[in-house]
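J.: PDB, C-alpha atoms, file final36.pdb:
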ATOM      1  CA  MET A   1     103.961 105.723  82.011
ATOM      2  CA  SER A   2     103.683 106.284  85.733
ATOM      3  CA  MET A   3     101.419 108.957  87.177
ATOM      4  CA  GLU A   4     102.690 111.734  89.462
ATOM      5  CA  ASN A   5     101.345 112.271  92.966
ATOM      6  CA  SER A   6      98.724 115.020  92.965
ATOM      7  CA  TYR A   7      95.285 115.838  94.369
ATOM      8  CA  ARG A   8      93.847 113.173  91.989
ATOM      9  CA  PHE A   9      96.443 110.456  92.483
ATOM     10  CA  PHE A  10      98.698 109.270  95.282
ATOM     11  CA  GLU A  11     100.785 106.121  95.375
ATOM     12  CA  ASN A  12     102.309 105.161  98.720
ATOM     13  CA  ARG A  13     105.019 102.638  97.938
ATOM     14  CA  ASP A  14     106.238 102.834 101.563
ATOM     15  CA  CYS A  15     102.982 101.364 102.903
ATOM     16  CA  LYS A  16     103.526  97.869 104.309
ATOM     17  CA  TYR A  17     100.400  96.716 102.434
ATOM     18  CA  PHE A  18     101.383  98.173  99.050
ATOM     19  CA  PRO A  19     100.022  97.078  96.728
ATOM     20  CA  CYS A  20      96.953  95.604  98.383
ATOM     21  CA  HIS A  21      95.668  94.618  94.918
ATOM     22  CA  LYS A  22      98.587  93.259  92.902
ATOM     23  CA  GLU A  23      96.969  93.157  89.451
ATOM     24  CA  LEU A  24      96.914  96.939  88.875
ATOM     25  CA  GLY A  25      99.638  98.964  87.157
ATOM     26  CA  ASP A  26      99.212 102.561  88.335
ATOM     27  CA  PHE A  27      97.715 102.115  91.783
ATOM     28  CA  ASN A  28      95.879 105.031  93.386
ATOM     29  CA  CYS A  29      96.177 104.914  97.194
ATOM     30  CA  LEU A  30      94.198 108.157  97.563
ATOM     31  CA  PHE A  31      91.069 106.170  98.474
ATOM     32  CA  CYS A  32      92.874 103.570 100.583
ATOM     33  CA  TYR A  33      89.728 103.066 102.650
ATOM     34  CA  CYS A  34      86.956 103.179 100.082
ATOM     35  CA  PRO A  35      84.654 106.168 100.645
ATOM     36  CA  LEU A  36      81.904 104.227  98.841
ATOM     37  CA  TYR A  37      81.891 101.308 101.290
ATOM     38  CA  LEU A  38      78.621 102.378 102.914
ATOM     39  CA  ARG A  39      76.916 102.842  99.536
ATOM     40  CA  GLU A  40      74.565  99.984  98.753
ATOM     41  CA  ASN A  41      74.888 100.571  95.005
ATOM     42  CA  CYS A  42      78.569 101.310  94.544
ATOM     43  CA  PRO A  43      80.089 100.991  91.052
ATOM     44  CA  GLY A  44      82.689  98.461  92.204
ATOM     45  CA  ASN A  45      82.362  94.707  92.380
ATOM     46  CA  PRO A  46      81.885  93.818  96.050
ATOM     47  CA  SER A  47      80.717  90.453  97.264
ATOM     48  CA  TYR A  48      78.597  89.829 100.337
ATOM     49  CA  ILE A  49      78.746  87.350 103.183
ATOM     50  CA  GLU A  50      76.226  86.617 105.887
ATOM     51  CA  LYS A  51      77.380  86.600 109.482
ATOM     52  CA  ASP A  52      75.170  86.453 112.551
ATOM     53  CA  GLY A  53      72.149  87.262 110.402
ATOM     54  CA  ARG A  54      73.777  90.373 108.929
ATOM     55  CA  LYS A  55      74.823  90.999 105.319
ATOM     56  CA  ILE A  56      78.419  92.248 105.217
ATOM     57  CA  LYS A  57      79.997  93.894 102.184
ATOM     58  CA  VAL A  58      83.386  92.440 101.232
ATOM     59  CA  CYS A  59      85.525  94.579  98.934
ATOM     60  CA  THR A  60      88.689  92.472  98.951
ATOM     61  CA  ASN A  61      88.579  91.865  95.196
ATOM     62  CA  CYS A  62      87.338  95.328  94.230
ATOM     63  CA  THR A  63      89.867  97.684  92.651
ATOM     64  CA  PHE A  64      87.440 100.388  91.503
ATOM     65  CA  PRO A  65      88.605 103.234  93.825
ATOM     66  CA  HIS A  66      92.275 102.387  93.146
ATOM     67  CA  GLN A  67      92.048 102.821  89.378
ATOM     68  CA  PRO A  68      93.167 106.373  88.494
ATOM     69  CA  LYS A  69      90.514 106.660  85.761
ATOM     70  CA  ASN A  70      87.739 106.338  88.386
ATOM     71  CA  TYR A  71      88.657 109.412  90.448
ATOM     72  CA  ASP A  72      85.909 111.567  88.901
ATOM     73  CA  VAL A  73      83.237 108.892  89.465
ATOM     74  CA  VAL A  74      84.163 108.527  93.149
ATOM     75  CA  ILE A  75      84.138 112.306  93.671
ATOM     76  CA  GLN A  76      80.790 112.670  91.881
ATOM     77  CA  MET A  77      79.232 109.938  94.046
ATOM     78  CA  LEU A  78      80.503 111.656  97.201
ATOM     79  CA  LYS A  79      78.791 114.881  96.100
ATOM     80  CA  GLU A  80      75.406 113.136  95.806
TER
END
How would this structure read if it were set down as structure tokens?

T.:
Amino acid sequence: MSMENSYRFFENRDCKYFPCHKELGDFNCLFCYCPLYLRENCPGNPSYIEKDGRKIKVCTNCTFPHQPKNYDVVIQMLKE
């Protein structure tokens, strides 16, 4: 069952990068650029690399903000 576009879910099939994570069924593009990127303790599964003495968060394999069921968690974290 596919979800309908709404304030909680948006799927942009016309995007040239869609889907940027191929393993998901319903893919929420609402948080295309993750609003939790700057959070040190985000609920996703980022990895980290070191470059020029700096720790850089890499979210390439994280699908947390794109899973429709996680909308409420993302919104709650933004309110904090």

J.: Quick one: residues within 9 Å of (93.1, 100.3, 90.9) (file frame), counting only C-alpha atoms, please, as a list in words.

T.: His21, Glu23, Leu24, Gly25, Asp26, Phe27, Asn28, Cys29, Cys62, Thr63, Phe64, Pro65, His66, Gln67, Pro68, Lys69 and Asn70 of chain A

J.: So how far away is atom CA of Thr60 of chain A from atom CA of Ser47 of chain A, in Å?

T.: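 Rounded to one decimal, the two atoms are 8.4 Å apart.
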
J.: Kindly give the distance, in Å, that separates atom CA of Phe18 of chain A and atom CA of Asn61 of chain A, rounded to a single decimal.

T.: 14.8 Å

J.: Write out as a ChimeraX atom specification each polymer residue whose atoms come within 10 Å of Glu40 of chain A, counting only C-alpha atoms; drop sequence neighbours fewer than 4 positions from it.

T.: /A:36,46,57

J.: Restricted to C-alpha atoms, what would the selected residues look like written as a CSV table (one decimal), keeping the file's coordinate frame?

T.:
chain,number,residue,atom,x,y,z
A,36,LEU,CA,81.9,104.2,98.8
A,46,PRO,CA,81.9,93.8,96.0
A,57,LYS,CA,80.0,93.9,102.2

J.: When the PyMOL selection byres ((chain A and resi 78) around 12) is applied to the structure above, which residues does it catch, written out as a list in words?

T.: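 Written out, the selection comes to Phe31, Cys34, Pro35, Leu36, Tyr37, Leu38, Arg39, Cys42, Tyr71, Asp72, Val73, Val74, Ile75, Gln76, Met77, Lys79 and Glu80 of chain A.
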
J.: Please indicate the distance in Å from atom CA of Glu11 of chain A to atom CA of Tyr33 of chain A, rounded to one decimal place.

T.: 13.6 Å

J.: Taking all atoms listed in the file into account, which of A:Gly44, A:Arg13, A:Ser6, A:Lys22 comes nearest Val58 of chain A?

T.: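 For Val58 of chain A, the nearest of the given residues is A:Gly44.
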
J.: Just checking: using all atoms listed in the file, which residue out of A:Cys32, A:Glu4, A:Asn41, A:Ile56 ends up closest to Cys20 of chain A?

T.: A:Cys32

J.: Padding 5 Å on every side, please: axis-aligned box over the listed atoms of segment 50-65 of chain A, centre and edge lengths to one decimal in Å, as JSON.

T.:
{"center_x": 81.0, "center_y": 94.8, "center_z": 102.0, "size_x": 27.7, "size_y": 26.8, "size_z": 31.0}
